[in-house]
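Peer 1: Hey, dropping query.cif in here, mmCIF, C-alpha atoms:
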```
data_input
#
loop_
_atom_site.label_atom_id
_atom_site.label_comp_id
_atom_site.auth_asym_id
_atom_site.auth_seq_id
_atom_site.Cartn_x
_atom_site.Cartn_y
_atom_site.Cartn_z
CA MET A 1 0.00 0.00 0.00
CA SER A 2 1.26 3.35 -0.88
CA TYR A 3 1.78 6.12 1.54
CA VAL A 4 -1.25 8.03 0.20
CA GLY A 5 -3.45 4.87 0.57
CA LYS A 6 -2.41 4.55 4.17
CA ILE A 7 -3.27 8.20 4.84
CA LEU A 8 -6.70 7.79 3.18
CA VAL A 9 -7.40 4.66 5.21
CA ILE A 10 -6.59 6.43 8.42
CA LEU A 11 -8.64 9.47 7.33
CA GLN A 12 -11.56 7.20 6.42
CA VAL A 13 -11.37 5.53 9.82
CA ALA A 14 -11.28 8.89 11.58
CA LEU A 15 -14.23 10.30 9.61
CA SER A 16 -16.25 7.08 10.09
CA ILE A 17 -15.73 7.24 13.84
CA LEU A 18 -16.62 10.94 13.78
CA PHE A 19 -19.83 10.14 11.81
CA MET A 20 -20.76 7.38 14.30
CA THR A 21 -20.14 9.77 17.20
CA PHE A 22 -22.33 12.56 15.73
CA ALA A 23 -25.12 10.08 14.81
CA GLY A 24 -25.09 8.58 18.32
CA GLY A 25 -25.03 12.02 19.89
CA VAL A 26 -27.97 13.19 17.77
CA PHE A 27 -29.91 10.05 18.65
CA ALA A 28 -29.04 10.33 22.37
CA VAL A 29 -29.88 13.98 22.94
CA HIS A 30 -32.44 14.69 20.21
CA GLN A 31 -36.00 16.05 20.96
CA ASN A 32 -39.09 14.86 19.10
CA TRP A 33 -40.33 18.21 17.80
CA ARG A 34 -43.23 16.54 16.04
CA ASP A 35 -44.72 15.16 19.29
CA LYS A 36 -44.15 18.49 20.98
CA THR A 37 -45.91 20.26 18.09
CA MET A 38 -48.88 17.88 18.30
CA GLN A 39 -49.06 18.26 22.07
CA VAL A 40 -48.92 22.06 21.84
CA GLN A 41 -51.63 22.06 19.15
CA LYS A 42 -53.81 19.83 21.31
CA GLN A 43 -53.28 22.10 24.29
CA LEU A 44 -54.11 25.09 22.13
CA ALA A 45 -57.33 23.46 20.92
CA ASP A 46 -58.29 22.58 24.51
CA SER A 47 -57.52 26.11 25.62
CA GLN A 48 -59.58 27.57 22.80
CA LYS A 49 -62.44 25.26 23.66
CA GLN A 50 -62.24 26.21 27.31
CA THR A 51 -62.09 29.84 26.30
CA ARG A 52 -65.24 29.49 24.20
CA GLU A 53 -67.00 27.68 27.02
CA ALA A 54 -65.86 30.34 29.44
CA GLN A 55 -67.10 33.07 27.11
CA SER A 56 -70.47 31.37 26.74
CA GLN A 57 -70.67 30.96 30.50
CA LEU A 58 -69.65 34.57 30.86
CA GLU A 59 -72.40 35.64 28.48
CA SER A 60 -75.01 33.57 30.25
CA ALA A 61 -73.75 34.75 33.65
CA LYS A 62 -73.84 38.30 32.37
CA THR A 63 -77.41 37.88 31.17
CA GLU A 64 -78.42 36.22 34.40
CA PHE A 65 -76.62 38.88 36.40
CA GLU A 66 -78.39 41.62 34.52
CA ALA A 67 -81.73 39.91 35.12
CA LYS A 68 -80.87 39.48 38.78
CA LEU A 69 -79.68 43.07 38.90
CA SER A 70 -82.98 44.25 37.50
CA GLU A 71 -84.88 42.04 39.90
CA GLN A 72 -82.77 43.16 42.84
CA THR A 73 -83.32 46.74 41.75
CA HIS A 74 -87.08 46.19 41.89
CA ILE A 75 -86.67 44.43 45.20
CA ALA A 76 -84.52 47.28 46.48
CA ASP A 77 -87.21 49.78 45.44
CA GLY A 78 -89.81 47.69 47.22
CA LEU A 79 -87.58 47.37 50.24
CA LYS A 80 -87.09 51.11 50.27
CA ALA A 81 -90.83 51.57 50.34
CA GLN A 82 -91.07 48.91 53.02
CA ASN A 83 -88.28 50.61 54.88
CA THR A 84 -90.22 53.84 54.88
CA GLY A 85 -93.31 52.05 56.11
CA LEU A 86 -91.31 50.12 58.66
CA THR A 87 -89.69 53.32 59.88
CA ALA A 88 -93.12 54.75 60.56
CA GLU A 89 -94.15 51.46 62.11
CA VAL A 90 -91.00 51.48 64.25
CA ALA A 91 -91.96 54.91 65.52
CA GLU A 92 -95.43 53.65 66.33
CA LEU A 93 -93.96 50.54 67.91
CA ARG A 94 -91.63 52.63 70.01
CA THR A 95 -94.59 54.60 71.28
CA SER A 96 -96.42 51.36 71.88
CA ASN A 97 -93.29 49.94 73.51
CA ASP A 98 -93.19 52.84 75.94
CA SER A 99 -96.79 52.30 76.88
CA LEU A 100 -96.16 48.56 77.14
CA LYS A 101 -93.19 49.23 79.39
CA GLN A 102 -95.44 51.21 81.66
CA GLN A 103 -98.00 48.43 81.56
CA ARG A 104 -95.23 45.92 82.21
CA ALA A 105 -94.13 47.88 85.24
CA THR A 106 -97.71 47.88 86.46
CA GLN A 107 -98.11 44.20 85.68
CA THR A 108 -94.78 43.46 87.36
CA GLY A 109 -96.06 45.05 90.52
CA LEU A 110 -99.27 43.09 90.23
CA ALA A 111 -97.32 39.92 89.51
CA GLU A 112 -95.16 40.45 92.56
CA SER A 113 -98.22 40.93 94.71
CA LYS A 114 -99.79 37.88 93.08
CA ALA A 115 -96.59 35.92 93.69
CA GLN A 116 -96.68 36.90 97.34
CA GLU A 117 -100.31 35.93 97.48
CA ALA A 118 -99.51 32.65 95.72
CA GLN A 119 -96.74 31.98 98.21
CA PHE A 120 -99.12 32.71 101.04
CA ARG A 121 -101.70 30.43 99.48
CA GLN A 122 -99.12 27.76 98.95
CA ASP A 123 -98.14 27.95 102.59
CA GLU A 124 -101.76 27.84 103.51
CA ALA A 125 -102.25 24.90 101.17
CA GLU A 126 -99.38 23.13 102.90
CA ARG A 127 -101.01 23.75 106.23
CA GLN A 128 -104.34 22.65 104.86
CA ARG A 129 -102.69 19.56 103.41
CA VAL A 130 -101.30 18.66 106.80
CA GLU A 131 -104.67 19.38 108.35
CA ASN A 132 -106.34 17.39 105.60
CA GLN A 133 -104.04 14.49 106.31
CA LYS A 134 -104.97 14.62 109.96
CA LEU A 135 -108.63 14.82 109.03
CA GLN A 136 -108.16 11.92 106.64
CA GLU A 137 -106.63 9.84 109.40
CA ARG A 138 -109.44 10.85 111.70
CA MET A 139 -111.96 10.10 108.96
CA ASP A 140 -110.41 6.66 108.53
CA THR A 141 -110.72 6.08 112.25
CA LEU A 142 -114.30 7.33 112.23
CA ALA A 143 -115.05 5.19 109.19
CA ALA A 144 -113.78 2.14 111.05
CA GLU A 145 -115.87 3.14 114.05
CA ASN A 146 -118.81 3.76 111.72
CA ARG A 147 -118.45 0.28 110.31
CA GLU A 148 -118.35 -1.15 113.79
CA LEU A 149 -121.38 0.95 114.75
CA LYS A 150 -123.20 -0.18 111.61
CA ASP A 151 -122.50 -3.77 112.56
CA GLU A 152 -123.70 -3.07 116.06
CA LEU A 153 -126.73 -1.21 114.66
CA PHE A 154 -127.58 -4.15 112.47
CA THR A 155 -127.30 -6.42 115.50
CA GLN A 156 -129.41 -4.03 117.55
CA GLN A 157 -131.97 -3.76 114.77
CA GLU A 158 -132.24 -7.51 114.67
CA ALA A 159 -132.63 -7.53 118.44
CA TYR A 160 -135.15 -4.67 118.13
CA ARG A 161 -137.20 -6.60 115.58
CA THR A 162 -137.18 -9.62 117.85
CA LEU A 163 -138.14 -7.47 120.83
CA ASN A 164 -140.81 -5.68 118.77
CA LYS A 165 -142.35 -8.98 117.85
CA THR A 166 -142.23 -10.00 121.50
CA TYR A 167 -143.63 -6.57 122.43
CA GLU A 168 -146.49 -6.84 119.97
CA ALA A 169 -147.25 -10.32 121.22
CA GLY A 170 -147.11 -8.93 124.77
CA LEU A 171 -149.41 -6.04 123.77
CA SER A 172 -151.91 -8.46 122.33
CA GLN A 173 -151.70 -10.54 125.46
CA LEU A 174 -151.93 -7.40 127.61
CA ALA A 175 -155.01 -6.18 125.73
CA PHE A 176 -156.58 -9.58 126.17
CA LEU A 177 -155.75 -9.59 129.87
CA LYS A 178 -157.02 -6.01 130.23
CA ARG A 179 -160.32 -7.08 128.70
CA VAL A 180 -160.44 -10.03 131.07
CA VAL A 181 -159.59 -7.82 134.05
CA SER A 182 -162.03 -5.15 132.94
CA ASN A 183 -164.76 -7.76 132.51
CA ALA A 184 -163.96 -8.90 136.04
CA GLY A 185 -164.56 -5.29 137.26
CA LEU A 186 -160.98 -4.61 138.27
CA GLU A 187 -158.85 -1.56 137.52
CA THR A 188 -156.24 -1.84 134.77
CA ASP A 189 -154.48 1.51 135.10
CA PRO A 190 -151.22 1.04 137.08
CA ASP A 191 -151.43 4.54 138.55
CA VAL A 192 -154.94 3.95 139.75
CA VAL A 193 -153.95 0.57 141.15
CA ALA A 194 -150.96 2.14 142.88
CA ARG A 195 -153.16 4.81 144.38
CA GLN A 196 -155.68 2.15 145.37
CA ALA A 197 -152.94 0.31 147.19
CA ALA A 198 -151.87 3.53 148.88
CA PRO A 199 -153.99 4.94 151.69
CA PRO A 200 -156.54 7.54 150.52
CA PRO A 201 -155.75 11.22 150.99
CA PRO A 202 -157.27 12.96 154.01
CA VAL A 203 -160.43 14.52 152.57
CA ASP A 204 -163.94 15.27 153.74
CA GLY A 205 -167.17 15.47 151.85
CA LEU A 206 -170.94 15.19 151.96
CA VAL A 207 -173.45 12.62 150.89
CA THR A 208 -175.49 14.19 148.10
CA HIS A 209 -177.72 11.26 147.06
CA ILE A 210 -178.54 7.79 148.32
CA ARG A 211 -180.05 4.72 146.66
CA LYS A 212 -181.71 1.92 148.52
CA ASN A 213 -182.10 -1.69 147.54
CA ARG A 214 -185.22 -3.89 147.64
CA ALA A 215 -184.70 -4.49 151.37
CA ASN A 216 -184.97 -0.72 151.88
CA ARG A 217 -181.36 -0.50 152.92
CA VAL A 218 -178.99 2.04 151.55
CA GLN A 219 -176.80 0.35 148.93
CA PHE A 220 -175.14 3.25 147.05
CA VAL A 221 -174.36 6.80 148.01
CA GLU A 222 -173.19 9.72 145.92
CA ILE A 223 -170.67 12.02 147.57
CA SER A 224 -169.43 15.53 146.75
CA ILE A 225 -165.73 14.72 146.29
CA GLY A 226 -164.05 12.92 143.42
CA SER A 227 -160.86 12.39 141.52
CA ASP A 228 -159.84 16.06 141.84
CA ASP A 229 -159.57 15.48 145.57
CA GLY A 230 -157.26 12.47 145.02
CA LEU A 231 -159.81 9.69 145.36
CA VAL A 232 -159.69 6.57 143.20
CA LYS A 233 -161.85 3.56 142.74
CA GLY A 234 -161.60 1.20 145.70
CA ASN A 235 -160.92 3.87 148.28
CA GLU A 236 -162.91 3.29 151.42
CA LEU A 237 -164.49 6.15 153.35
CA ASP A 238 -166.38 6.37 156.60
CA VAL A 239 -169.82 7.95 156.79
CA VAL A 240 -170.43 9.92 159.98
CA ARG A 241 -173.10 12.28 161.23
CA ILE A 242 -172.26 15.12 163.53
CA VAL A 243 -174.96 15.36 166.14
CA GLY A 244 -173.35 17.83 168.52
CA GLN A 245 -170.29 19.86 169.07
CA ASP A 246 -168.32 17.06 170.59
CA ARG A 247 -170.30 14.07 169.42
CA SER A 248 -170.65 12.26 166.11
CA GLU A 249 -172.28 9.06 164.97
CA TRP A 250 -170.61 6.48 162.71
CA LEU A 251 -173.07 5.31 160.07
CA GLY A 252 -171.07 2.87 158.02
CA ARG A 253 -168.22 2.34 155.59
CA VAL A 254 -168.41 2.74 151.79
CA ARG A 255 -166.08 1.85 148.88
CA ILE A 256 -165.92 3.98 145.78
CA VAL A 257 -167.06 2.12 142.65
CA ASP A 258 -167.26 5.02 140.24
CA LEU A 259 -166.14 8.64 140.30
CA GLY A 260 -165.81 11.86 138.41
CA PRO A 261 -163.79 15.02 138.96
CA ASP A 262 -166.07 16.31 141.76
CA TRP A 263 -168.36 13.40 142.49
CA ALA A 264 -168.11 9.73 143.34
CA VAL A 265 -170.46 6.80 143.77
CA ALA A 266 -169.67 4.46 146.64
CA GLU A 267 -171.16 1.15 147.72
CA VAL A 268 -171.95 0.57 151.32
CA ILE A 269 -169.74 -2.28 152.41
CA GLN A 270 -170.23 -2.10 156.19
CA PRO A 271 -173.48 -0.50 157.38
CA SER A 272 -174.04 0.58 160.92
CA LYS A 273 -176.66 -1.17 162.96
CA ASN A 274 -177.77 1.95 164.77
CA GLY A 275 -178.04 4.50 161.99
CA ILE A 276 -179.16 4.97 158.42
CA ILE A 277 -177.19 6.98 155.98
CA GLN A 278 -179.03 10.03 154.70
CA GLU A 279 -178.32 12.89 152.36
CA GLY A 280 -176.18 15.56 154.06
CA ASP A 281 -174.16 13.10 156.15
CA ASN A 282 -170.39 13.54 156.14
CA VAL A 283 -167.86 11.22 154.51
CA THR A 284 -164.24 11.28 155.53
CA THR A 285 -161.00 9.40 155.23
CA ARG A 286 -159.52 10.86 158.32
CA LEU A 287 -161.30 8.48 160.63
CA LYS A 288 -159.07 5.75 162.03
CA ILE A 289 -160.98 2.69 163.07
CA MET B 1 -0.05 -5.03 -4.35
CA SER B 2 0.11 -7.96 -6.93
CA GLN B 3 0.00 -7.52 -10.58
CA ARG B 4 -3.10 -8.40 -12.75
CA GLY B 5 -3.27 -12.02 -13.92
CA SER B 6 -0.64 -13.18 -11.53
CA LYS B 7 -1.25 -16.21 -9.45
CA SER B 8 0.55 -14.96 -6.41
CA GLU B 9 -1.13 -15.51 -2.99
CA ASP B 10 -3.14 -12.71 -1.22
CA PRO B 11 -0.94 -10.70 1.04
CA ALA B 12 -1.49 -11.20 4.74
CA PRO B 13 -3.86 -8.68 6.30
CA ASP B 14 -2.15 -5.92 8.15
CA VAL B 15 -3.25 -3.20 10.54
CA TYR B 16 -4.79 -1.14 7.77
CA VAL B 17 -7.20 -3.91 6.89
CA GLY B 18 -8.27 -3.95 10.55
CA LEU B 19 -8.72 -0.16 10.38
CA LEU B 20 -10.98 -0.62 7.35
CA PHE B 21 -13.17 -3.11 9.30
CA VAL B 22 -13.33 -0.60 12.14
CA ALA B 23 -14.42 2.06 9.63
CA VAL B 24 -17.12 -0.26 8.22
CA GLY B 25 -18.43 -0.97 11.74
CA ALA B 26 -18.49 2.75 12.54
CA LEU B 27 -20.43 3.55 9.38
CA LEU B 28 -23.01 0.78 10.08
CA THR B 29 -23.50 2.06 13.66
CA GLY B 30 -23.96 5.60 12.43
CA CYS B 31 -26.52 4.43 9.83
CA ILE B 32 -28.48 2.56 12.56
CA PHE B 33 -28.59 5.71 14.75
CA LEU B 34 -29.90 7.80 11.84
CA ALA B 35 -32.53 5.14 10.99
CA LEU B 36 -33.76 5.16 14.60
CA GLU B 37 -33.92 8.98 14.49
CA LEU B 38 -36.06 8.90 11.33
CA SER B 39 -38.29 6.16 12.71
CA SER B 40 -39.16 8.45 15.66
CA TYR B 41 -40.51 10.98 13.12
CA GLY B 42 -42.48 8.26 11.33
CA TRP B 43 -40.25 8.43 8.34
CA GLN B 44 -41.76 11.79 7.39
CA PHE B 45 -39.42 14.39 6.04
CA GLN B 46 -41.72 17.44 6.04
#
```
Could the structure of this file be written out as structure tokens, please?

Peer 2:
Amino acid sequence: MSYVGKILVILQVALSILFMTFAGGVFAVHQNWRDKTMQVQKQLADSQKQTREAQSQLESAKTEFEAKLSEQTHIADGLKAQNTGLTAEVAELRTSNDSLKQQRATQTGLAESKAQEAQFRQDEAERQRVENQKLQERMDTLAAENRELKDELFTQQEAYRTLNKTYEAGLSQLAFLKRVVSNAGLETDPDVVARQAAPPPPVDGLVTHIRKNRANRVQFVEISIGSDDGLVKGNELDVVRIVGQDRSEWLGRVRIVDLGPDWAVAEVIQPSKNGIIQEGDNVTTRLKI
Amino acid sequence: MSQRGSKSEDPAPDVYVGLLFVAVGALLTGCIFLALELSSYGWQFQ
């Protein structure tokens, strides 16, 4: 190989290595401008789209805002009118508030007095409650006693009915016996019987009428004293005749068989053998034989 | 270098032949890098 061939070979080797180095460097550090262009165009389209959407939203918001502004303007006008009315109303309400404050002060005083009264009533209610409890306990006790008394009353009523039956039977028997005794000519009044058993009171009287029997003897005499003088049927009196100042004659003894307030009829039960009873003779219970 | 028509044997490769192989390898590597660069652009030249 000639000297020039050797130089060319070496030059070719150097240029080939330099070509490989530049190609590798370009490949290693290159940027894909096409992808970047596409990406930027896409971002631009998105931005334009967003801008259009934003403009449309802005237009609609503007329209809506204008409508709202108009509406709010009307509302503001109405509110101004209301404000004027409310200002007048506030003035009236302030006047009313002042009067209400005065009324409240009055009512507060009344409420305080009512509260004191309520407290007093509550205290009184407490006292009444205690008293009521005592009364309730007493009422319970009385109710128990009432039940016992009702039981006793029922028992007594049963006993009363039994006694009433016995009493009615006794009354019937008594009426029967009174009829029997009356038919026998005896006295049935206990007072009269008691007075018959007792000695007659000391009284004096006169014989007003006499009645004789078939044997011409005096059987009955009527005297001038009766039940007003304390005489009763069965009393025995002595018939005497005063013949002088210091002398009298016993004519017999009579027993009262019937009498009135100021008269009595007596039967001669023990006539005298020496004298005959006549009208005007004296009768007495004072004589002790 | 042998003359034309002679039947002498090929000379033994020397260091310059090796340099030529190195140059061939460097050219092939550079071509591959450029092909990869064009493939990233989709083989479009505009």

Peer 1: Specify as a VMD selection string all residues of chain A found within 12 Å of chain B, counting all atoms listed in the file.

Peer 2: chain A and resid 1 to 3 5 to 37

Peer 1: Atom CA of A:Ile225 and atom CA of A:Ala266 are how many Å apart?

Peer 2: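 Distance reported for this atom pair: 11.0 Å.
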
Peer 1: Kindly resolve the PyMOL selection byres ((chain A and resi 273) around 12) on the present coordinates and return the residues as a PyMOL selection string.

Peer 2: chain A and resi 217+249-253+270-272+274-277

Peer 1: What is the distance between atom CA of A:Gly280 and atom CA of A:Val207, in Å to one decimal?

Peer 2: 5.1 Å

Peer 1: Kindly give the distance, in Å, that separates atom CA of A:Leu259 and atom CA of A:Val180, rounded to a single decimal.

Peer 2: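 These two atoms are separated by 21.6 Å.
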
Peer 1: Using the chain letters and numbers from the file, give me the residues hit by the PyMOL selection byres ((chain A and resi 240) around 7), as a list in words.

Peer 2: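 Here the PyMOL selection byres ((chain A and resi 240) around 7) matches Asp238, Val239, Arg241, Ile242, Ser248, Glu249, Trp250, Leu251, Asp281, Asn282 and Val283 of chain A.
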
Peer 1: A:Gly109, A:Ser96, A:Val232, A:Gln41: which is nearest A:Asp189, counting only C-alpha atoms?

Peer 2: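 Going through A:Gly109, A:Ser96, A:Val232, A:Gln41 one by one, the smallest distance to A:Asp189 is for A:Val232.
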
Peer 1: May I ask which of the residues A:Val181, A:Ile269, A:Ile223, A:Ala88 is the closest one to A:Gly205, counting all atoms listed in the file?

Peer 2: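 Comparing A:Val181, A:Ile269, A:Ile223, A:Ala88 against A:Gly205, the winner is A:Ile223.
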
Peer 1: Report as a PDB file with C-alpha atoms, in the coordinates of the input the full result of the PyMOL selection byres ((chain A and resi 267) around 7) when it is applied to this structure.

Peer 2:
```
ATOM      1  CA  GLN A 219    -176.800   0.350 148.930  1.00  0.00           C
ATOM      2  CA  PHE A 220    -175.140   3.250 147.050  1.00  0.00           C
ATOM      3  CA  VAL A 221    -174.360   6.800 148.010  1.00  0.00           C
ATOM      4  CA  VAL A 254    -168.410   2.740 151.790  1.00  0.00           C
ATOM      5  CA  ARG A 255    -166.080   1.850 148.880  1.00  0.00           C
ATOM      6  CA  ILE A 256    -165.920   3.980 145.780  1.00  0.00           C
ATOM      7  CA  VAL A 257    -167.060   2.120 142.650  1.00  0.00           C
ATOM      8  CA  VAL A 265    -170.460   6.800 143.770  1.00  0.00           C
ATOM      9  CA  ALA A 266    -169.670   4.460 146.640  1.00  0.00           C
ATOM     10  CA  VAL A 268    -171.950   0.570 151.320  1.00  0.00           C
ATOM     11  CA  ILE A 269    -169.740  -2.280 152.410  1.00  0.00           C
TER      12      ILE A 269
END
```

Peer 1: Would you please work out which residue, of A:Lys212, A:Arg127, A:Lys233, A:Arg104, is nearest to A:Val193 when using all atoms listed in the file?

Peer 2: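 With all atoms listed in the file as the atom set, the closest residue is A:Lys233.
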
Peer 1: Because some atoms of stretch 12-37 of chain B are absent here, can you restore N, CA and C atoms and send them as a short mmCIF file (atom, residue, chain, number, x, y, z; two decimals), in the coordinates of the input?

Peer 2:
```
data_model
loop_
_atom_site.label_atom_id
_atom_site.label_comp_id
_atom_site.auth_asym_id
_atom_site.auth_seq_id
_atom_site.Cartn_x
_atom_site.Cartn_y
_atom_site.Cartn_z
N ALA B 12 -0.94 -11.04 3.38
CA ALA B 12 -1.49 -11.20 4.74
C ALA B 12 -2.08 -9.87 5.21
N PRO B 13 -3.25 -9.94 5.82
CA PRO B 13 -3.86 -8.68 6.30
C PRO B 13 -2.97 -8.03 7.34
N ASP B 14 -2.94 -6.69 7.19
CA ASP B 14 -2.15 -5.92 8.15
C ASP B 14 -3.07 -5.02 8.95
N VAL B 15 -2.48 -4.07 9.63
CA VAL B 15 -3.25 -3.20 10.54
C VAL B 15 -4.22 -2.29 9.79
N TYR B 16 -3.91 -1.98 8.54
CA TYR B 16 -4.79 -1.14 7.77
C TYR B 16 -6.06 -1.85 7.41
N VAL B 17 -5.96 -3.15 7.15
CA VAL B 17 -7.20 -3.91 6.89
C VAL B 17 -8.08 -3.86 8.14
N GLY B 18 -7.48 -4.04 9.29
CA GLY B 18 -8.27 -3.95 10.55
C GLY B 18 -8.89 -2.57 10.69
N LEU B 19 -8.14 -1.51 10.30
CA LEU B 19 -8.72 -0.16 10.38
C LEU B 19 -9.91 -0.03 9.43
N LEU B 20 -9.83 -0.66 8.27
CA LEU B 20 -10.98 -0.62 7.35
C LEU B 20 -12.21 -1.30 7.96
N PHE B 21 -12.03 -2.45 8.63
CA PHE B 21 -13.17 -3.11 9.30
C PHE B 21 -13.76 -2.21 10.39
N VAL B 22 -12.84 -1.53 11.11
CA VAL B 22 -13.33 -0.60 12.14
C VAL B 22 -14.16 0.51 11.48
N ALA B 23 -13.68 1.01 10.32
CA ALA B 23 -14.42 2.06 9.63
C ALA B 23 -15.77 1.57 9.16
N VAL B 24 -15.82 0.33 8.64
CA VAL B 24 -17.12 -0.26 8.22
C VAL B 24 -18.08 -0.35 9.41
N GLY B 25 -17.55 -0.85 10.55
CA GLY B 25 -18.43 -0.97 11.74
C GLY B 25 -18.95 0.37 12.19
N ALA B 26 -18.04 1.42 12.12
CA ALA B 26 -18.49 2.75 12.54
C ALA B 26 -19.54 3.29 11.62
N LEU B 27 -19.41 3.08 10.32
CA LEU B 27 -20.43 3.55 9.38
C LEU B 27 -21.77 2.85 9.62
N LEU B 28 -21.75 1.51 9.83
CA LEU B 28 -23.01 0.78 10.08
C LEU B 28 -23.70 1.30 11.36
N THR B 29 -22.90 1.57 12.40
CA THR B 29 -23.50 2.06 13.66
C THR B 29 -24.14 3.42 13.46
N GLY B 30 -23.38 4.28 12.69
CA GLY B 30 -23.96 5.60 12.43
C GLY B 30 -25.23 5.50 11.63
N CYS B 31 -25.27 4.61 10.61
CA CYS B 31 -26.52 4.43 9.83
C CYS B 31 -27.67 3.97 10.72
N ILE B 32 -27.41 3.04 11.65
CA ILE B 32 -28.48 2.56 12.56
C ILE B 32 -29.03 3.71 13.41
N PHE B 33 -28.12 4.56 13.95
CA PHE B 33 -28.59 5.71 14.75
C PHE B 33 -29.49 6.63 13.94
N LEU B 34 -29.09 6.92 12.68
CA LEU B 34 -29.90 7.80 11.84
C LEU B 34 -31.24 7.16 11.50
N ALA B 35 -31.25 5.82 11.27
CA ALA B 35 -32.53 5.14 10.99
C ALA B 35 -33.46 5.23 12.19
N LEU B 36 -32.92 5.04 13.40
CA LEU B 36 -33.76 5.16 14.60
C LEU B 36 -34.30 6.59 14.75
N GLU B 37 -33.48 7.58 14.39
CA GLU B 37 -33.92 8.98 14.49
C GLU B 37 -35.08 9.22 13.53
#
```
